[in-house]
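*Asks:* A single structure is presented below for examination.
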Amino acid sequence: MPADADLTGNDYVSIPSIRADGSVDGINVLHGASAGLIEWAGGTDGALLRPAIGFGGDAVRISEAQWRRLDRWIPTFTVKLPDGSTVTGTICAPGGYPPARGFMIRIEAENRGRAPRELRVGLDVEWVWSRLWIAASRPLRGTNALGAHEPGVLTLEVDGGRGPALAISGGQNAELFAASAADALAPLAIGSCIDAPNGSPLRARVGQSTTVK
């Protein structure tokens, strides 16, 4: 490790499981200050992150996609629409240290129709557990908190913001929504947060849209 490394930051991020519908079960981070692996783990069916895509007003069914691997290891899916248009997604946690400490979900669309279409991309979050792994797992203490400290950036903060944090950015124009277990999703204002005990669900959505000509 370089001598100037920040021991309170993460070293590497991994996505250990991606399902056929594009959902991600959890995000793992090697965390120097915790001397172990931090896990943000998912909801009632185990999924932490679930992409939701709409193109031209119609839902894109990722479960019907064809999957392949770029460079033999990067998962990529393609959904072919009836008119020949395609929607492609790439899910990747790049290797390398220090500039590549993160992951991405990239969505691309090719419009073969005669008119422009709106591409809407949402990332649904259902966060239940934050855990520390050292040989075995144990729940981290305190509350989990969903926060919005910058435009378009959702944070998943452990121990009420005093522990490790995972940031999900949808771009400056992205819309943020959040709620605790039983409530309906509502806009999450900048500077605000919603918290719940570790083990209780927190839900959110990061949404973005653009026009594809």
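By convention in this document, the chains of the structure tokens carry letters A, B, ... by their order, each chain's residues are numbered from 1, and ligands are numbered from 1 in the order they are shown.
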As an MDAnalysis selection string, please: all residues of region 60-138 of chain A that backbone DSSP puts in strand (DSSP E).
*Replies:* chainID A and resid 60 66:70 74:80 86:92 104:110 117:134 136:138
*Asks:* At a cut-off of 9 Å, can you tabulate as JSON lines every residue of region 54-103 of chain A near region 20-35 of chain A together with its closest atom pair and the distance in Å to one decimal, using only C-alpha atoms and ordering rows by chain then number?
*Replies:*
{"residue": "A:Arg61", "atom": "CA", "partner": "A:Asp21", "partner_atom": "CA", "distance": 7.7}
{"residue": "A:Ile62", "atom": "CA", "partner": "A:Asp21", "partner_atom": "CA", "distance": 5.0}
{"residue": "A:Ser63", "atom": "CA", "partner": "A:Asp21", "partner_atom": "CA", "distance": 4.1}
{"residue": "A:Glu64", "atom": "CA", "partner": "A:Asp21", "partner_atom": "CA", "distance": 7.7}
{"residue": "A:Ala65", "atom": "CA", "partner": "A:Ala20", "partner_atom": "CA", "distance": 8.0}
{"residue": "A:Trp67", "atom": "CA", "partner": "A:Ala20", "partner_atom": "CA", "distance": 8.2}
{"residue": "A:Phe77", "atom": "CA", "partner": "A:Gly22", "partner_atom": "CA", "distance": 8.2}
{"residue": "A:Gly89", "atom": "CA", "partner": "A:Gly22", "partner_atom": "CA", "distance": 8.6}
{"residue": "A:Ile91", "atom": "CA", "partner": "A:Gly22", "partner_atom": "CA", "distance": 8.3}
*Asks:* Mind running region 31-143 of chain A against region 194-209 of chain A at 7 Å and telling me each contacting residue's nearest atom pair with the distance in Å (one decimal), counting only C-alpha atoms, chain and number ascending, as a Markdown table?
*Replies:*
| residue | atom | partner | partner_atom | distance |
| --- | --- | --- | --- | --- |
| A:Gly43 | CA | A:Pro201 | CA | 6.6 |
| A:Glu118 | CA | A:Ser209 | CA | 6.8 |
| A:Leu119 | CA | A:Ser209 | CA | 5.5 |
| A:Arg120 | CA | A:Ser209 | CA | 4.3 |
| A:Val121 | CA | A:Gln208 | CA | 5.4 |
| A:Gly122 | CA | A:Gly207 | CA | 4.2 |
| A:Leu123 | CA | A:Val206 | CA | 5.2 |
| A:Asp124 | CA | A:Arg205 | CA | 4.5 |
| A:Val125 | CA | A:Ala204 | CA | 4.9 |
| A:Glu126 | CA | A:Arg203 | CA | 4.5 |
| A:Trp127 | CA | A:Leu202 | CA | 5.2 |
| A:Val128 | CA | A:Pro201 | CA | 4.5 |
| A:Trp129 | CA | A:Gly199 | CA | 5.0 |
| A:Ser130 | CA | A:Asn198 | CA | 6.6 |
| A:Gly142 | CA | A:Pro197 | CA | 6.6 |
| A:Thr143 | CA | A:Pro197 | CA | 4.3 |
*Asks:* Just how far from CA of Arg106 (chain A) is CA of Val79 (chain A), in Å to one decimal?
*Replies:*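 Interatomic distance here is 13.9 Å.
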*Asks:* Just to confirm, what's the straight-line distance from CA of Gln66 (chain A) to CA of Ala109 (chain A) in Å (one decimal)?
*Replies:*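 Between these atoms lies a distance of 14.7 Å.
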*Asks:* Which of region 1-171 of chain A end up as helix (DSSP H, G or I) when DSSP is run on this backbone - answer as number ranges by chain?
*Replies:* A: 62-64, 158-161
*Asks:* Which residues are close to region 144-158 of chain A, i.e. within 7 Å by only C-alpha atoms, leaving aside same-chain residues fewer than 6 positions away? Reply as a list of chain:residue names.
*Replies:* A:Ser130, A:Pro164, A:Ala165, A:Leu166, A:Ala167, A:Ile168, A:Ser169, A:Gly170, A:Gly171, A:Gln172, A:Asn173, A:Ala174, A:Glu175, A:Leu176, A:Leu188, A:Ala189, A:Ile190, A:Gly191, A:Ser192, A:Cys193, A:Ile194, A:Asp195, A:Ala196, A:Pro197, A:Asn198
*Asks:* Do you have the CA of Gly54 (chain A)-CA of Gly84 (chain A) distance handy?
*Replies:*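 CA of Gly54 (chain A) sits 15.7 Å away from CA of Gly84 (chain A).
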